[in-house]
Amino acid sequence: MKKYALLLMLVMGCALGHSQCEQSMLAADKALGENFIAHPQYVQGTLTSADSLQFESVWLANNTYRIATSGSEKQRVAVSIFDQNNNPIFDNSDFSYAAVWDFFVEQSMKIRCVVRPLAESNEVICVTALTGFKK
Amino acid sequence: MFSQSCSEPQPAQPAVSEFDTTGVSTSGAILLQGKMVVIPPPALLSHVIAKESIPFETRGVTDAGNTEQWTSEMKKALYLGVLGADLSYLINYRQSATIPQYLASIRRLTADLDISRDVDSELLSQIEAGLDNPSSILGLNSVFFRNLESYLKSNNRHDLSTYILLGGWTEAMHQLASPADSITGQPLNRLLAEQTFSASGVRALAESIQDDSFTAVKSAIIELCDALETLEKTYLFNEPVHDRRQGITYLRSKTEVSCSDDELLELHELIRETRNLIVTP
């Protein structure tokens, strides 16, 4: 009986995680807005505040890029961006943990983006980060 | 402004360190994707090509009517990536009359790969219905391929997802190279050379596939990445400028990539060979 209860909890946990990630994707998609074309690749994961997602990308010159996360006032998401030499170039903690930020790229460059939820120690959050470029 | 040259030798570049991608997860207990490599999407590359006022090239796209000849999943997925890049190119050049053929082929291939029920094929219908408004359908096209990526990742079909990305990237490279009957002075040369920044990511994607049937394409892609990675490049960090009110940061670092005519010719040849391997049954 205990085994079945555990199995049920596991299935329910997966379902909740799945649903939370769908909501997370919807929130990030809404934040990206209609003036930006979504990049087909994105990062998403169920994390505690001790974990992070990261991606590397190449941003091409003379384009405006947007990073949109599933963060909100209630559930903030930290975003840090570094250049190819690990120089910090953006940290949304300087901007009230904005869920959306734009970047105009004067010359093509490689960036690394690290995304992390700000959660209570054991809380598990599904976080999504989308990038897009301006039409 | 770019201070980039594709024909003149550049001074020696400072050492450029690779990203430190270790130690990101501190708990090690959860599902991280670790380092994810994002390569420039074909939609962006074709958008940039169109912005350069380069005339439309019919040879920039492949024949959309050839889907029946693909028998393996690998070939179908690579070709699906090619067609996605072609669709972006056609949308950016407002080739409305041709687009339905490509949408039909994409539908056929997603059905053949048994993924059509699981991705929102309604998006393809919306693209078809919105041919009068290219800027809106470019967005739909990207969302379709994002949904595809999402479905394939969540169903552990990473190989298919990678083939689609690599097929799309190779076709976008072909579109960057195709106007250059004469190498010198082509406005897209700079953009082509800048793909040096994508090369390590593309290589990582290609190397992640262990399927023997992919060996020839993989070798060709890696050779192309090798040629891109050997281009000389310099990078000079400049402090970014943040505009809090507008929510925008201006990235002002300086980048230069240099490549000689010989290097450009080699890139064109390698792109042609790689693409031929993908679009030939």
# chains A, B, ... in the order shown; residues from 1 in each chain; ligands from 1
call {"tool": "residues_around", "arguments": {"residues": "Arg245 (chain B)", "least_positions_apart": "5", "cutoff": "12 Å", "atoms": "only C-alpha atoms", "output": "PyMOL selection string"}}
result
chain A and resi 95+98+101-102
call {"tool": "closest_atom_pairs", "arguments": {"of": "region 76-133 of chain A", "to": "region 27-33 of chain A", "cutoff": "10 Å", "atoms": "only C-alpha atoms", "output": "Markdown table"}}
result
| residue | atom | partner | partner_atom | distance |
| --- | --- | --- | --- | --- |
| A:Ala99 | CA | A:Ala31 | CA | 7.3 |
| A:Val100 | CA | A:Ala31 | CA | 6.3 |
| A:Trp101 | CA | A:Leu32 | CA | 9.2 |
| A:Asp102 | CA | A:Leu32 | CA | 9.9 |
| A:Val127 | CA | A:Ala28 | CA | 8.9 |
| A:Thr128 | CA | A:Ala28 | CA | 6.4 |
| A:Ala129 | CA | A:Ala28 | CA | 6.5 |
| A:Leu130 | CA | A:Ala28 | CA | 6.5 |
| A:Thr131 | CA | A:Leu32 | CA | 7.5 |
| A:Gly132 | CA | A:Leu32 | CA | 7.1 |
| A:Phe133 | CA | A:Leu32 | CA | 9.5 |
call {"tool": "atom_distance", "arguments": {"atom1": "CA of Asn92 (chain A)", "atom2": "CA of Ser19 (chain A)"}}
result
26.5 Å
call {"tool": "select_by_dssp", "arguments": {"residues": "region 22-127 of chain A", "states": "helix (DSSP H, G or I)", "output": "JSON, numbers by chain"}}
result
{"A": [22, 23, 24, 25, 26, 27, 28, 29, 30, 31, 32, 92, 93, 94, 95]}
call {"tool": "residues_around", "arguments": {"residues": "His242 (chain B)", "least_positions_apart": "4", "cutoff": "12 Å", "atoms": "only C-alpha atoms", "output": "PyMOL selection string"}}
result
(chain A and resi 89-92+94-95+101-104) or (chain B and resi 246-252)
call {"tool": "write_last_selection", "arguments": {"atoms": "C-alpha atoms", "output": "PDB file, in the first residue's frame"}}
result
ATOM      1  CA  ILE A  89      27.996  42.432 -18.945  1.00  0.00           C
ATOM      2  CA  PHE A  90      24.563  42.307 -17.336  1.00  0.00           C
ATOM      3  CA  ASP A  91      23.000  41.308 -14.053  1.00  0.00           C
ATOM      4  CA  ASN A  92      19.294  41.798 -13.592  1.00  0.00           C
ATOM      5  CA  ASP A  94      20.827  45.673 -10.696  1.00  0.00           C
ATOM      6  CA  PHE A  95      17.435  46.189 -12.310  1.00  0.00           C
ATOM      7  CA  TRP A 101      15.626  42.924 -20.901  1.00  0.00           C
ATOM      8  CA  ASP A 102      16.835  43.961 -24.340  1.00  0.00           C
ATOM      9  CA  PHE A 103      20.373  44.039 -25.693  1.00  0.00           C
ATOM     10  CA  PHE A 104      21.544  45.978 -28.700  1.00  0.00           C
TER      11      PHE A 104
ATOM     12  CA  GLN B 246      14.114  51.686 -21.708  1.00  0.00           C
ATOM     13  CA  GLY B 247      15.167  48.333 -20.309  1.00  0.00           C
ATOM     14  CA  ILE B 248      18.013  47.930 -22.749  1.00  0.00           C
ATOM     15  CA  THR B 249      21.754  47.368 -22.589  1.00  0.00           C
ATOM     16  CA  TYR B 250      24.076  48.437 -25.379  1.00  0.00           C
ATOM     17  CA  LEU B 251      26.884  45.956 -25.873  1.00  0.00           C
ATOM     18  CA  ARG B 252      29.861  47.896 -27.189  1.00  0.00           C
TER      19      ARG B 252
END
call {"tool": "residues_around", "arguments": {"residues": "Ile111 (chain A)", "least_positions_apart": "4", "cutoff": "8 Å", "atoms": "only C-alpha atoms", "output": "list in words"}}
result
Glu56, Ser57, Val58, Trp59, Ile81, Phe82, Asp83 and Gln84 of chain A
call {"tool": "atom_distance", "arguments": {"atom1": "CA of Arg275 (chain B)", "atom2": "CA of His174 (chain B)"}}
result
7.3 Å
call {"tool": "residues_around", "arguments": {"residues": "Lys254 (chain B)", "least_positions_apart": "2", "cutoff": "9 Å", "atoms": "only C-alpha atoms", "output": "ChimeraX atom specification"}}
result
/A:106-109 /B:2-3,234-238,252,256
call {"tool": "write_last_selection", "arguments": {"atoms": "N, CA and C atoms", "output": "PDB file, in the first residue's frame"}}
result
ATOM      1  N   GLU A 106      26.362  45.881 -30.835  1.00  0.00           N
ATOM      2  CA  GLU A 106      27.056  46.675 -31.856  1.00  0.00           C
ATOM      3  C   GLU A 106      27.908  45.805 -32.756  1.00  0.00           C
ATOM      4  N   GLN A 107      28.588  44.839 -32.162  1.00  0.00           N
ATOM      5  CA  GLN A 107      29.407  43.927 -32.968  1.00  0.00           C
ATOM      6  C   GLN A 107      29.160  42.498 -32.483  1.00  0.00           C
ATOM      7  N   SER A 108      29.216  41.579 -33.411  1.00  0.00           N
ATOM      8  CA  SER A 108      28.886  40.190 -33.068  1.00  0.00           C
ATOM      9  C   SER A 108      29.733  39.715 -31.899  1.00  0.00           C
ATOM     10  N   MET A 109      29.121  38.974 -31.031  1.00  0.00           N
ATOM     11  CA  MET A 109      29.870  38.472 -29.867  1.00  0.00           C
ATOM     12  C   MET A 109      29.225  37.213 -29.307  1.00  0.00           C
TER      13      MET A 109
ATOM     14  N   PHE B   2      30.680  48.017 -37.527  1.00  0.00           N
ATOM     15  CA  PHE B   2      31.673  46.958 -37.584  1.00  0.00           C
ATOM     16  C   PHE B   2      33.004  47.490 -38.055  1.00  0.00           C
ATOM     17  N   SER B   3      34.053  47.041 -37.417  1.00  0.00           N
ATOM     18  CA  SER B   3      35.374  47.382 -37.926  1.00  0.00           C
ATOM     19  C   SER B   3      35.993  46.102 -38.462  1.00  0.00           C
ATOM     20  N   THR B 234      39.787  38.914 -33.114  1.00  0.00           N
ATOM     21  CA  THR B 234      40.186  39.692 -31.934  1.00  0.00           C
ATOM     22  C   THR B 234      38.929  40.131 -31.208  1.00  0.00           C
ATOM     23  N   TYR B 235      39.078  40.304 -29.912  1.00  0.00           N
ATOM     24  CA  TYR B 235      37.934  40.743 -29.105  1.00  0.00           C
ATOM     25  C   TYR B 235      38.441  41.747 -28.090  1.00  0.00           C
ATOM     26  N   LEU B 236      37.801  42.872 -28.009  1.00  0.00           N
ATOM     27  CA  LEU B 236      38.186  43.899 -27.027  1.00  0.00           C
ATOM     28  C   LEU B 236      36.952  44.264 -26.208  1.00  0.00           C
ATOM     29  N   PHE B 237      37.040  44.015 -24.918  1.00  0.00           N
ATOM     30  CA  PHE B 237      35.886  44.284 -24.050  1.00  0.00           C
ATOM     31  C   PHE B 237      35.719  45.786 -23.838  1.00  0.00           C
ATOM     32  N   ASN B 238      34.510  46.257 -24.033  1.00  0.00           N
ATOM     33  CA  ASN B 238      34.149  47.626 -23.647  1.00  0.00           C
ATOM     34  C   ASN B 238      32.967  47.547 -22.693  1.00  0.00           C
ATOM     35  N   ARG B 252      28.973  47.077 -26.361  1.00  0.00           N
ATOM     36  CA  ARG B 252      29.861  47.896 -27.189  1.00  0.00           C
ATOM     37  C   ARG B 252      31.237  47.279 -27.399  1.00  0.00           C
ATOM     38  N   GLU B 256      36.722  41.612 -34.190  1.00  0.00           N
ATOM     39  CA  GLU B 256      37.182  41.595 -35.577  1.00  0.00           C
ATOM     40  C   GLU B 256      37.465  40.157 -35.994  1.00  0.00           C
TER      41      GLU B 256
END
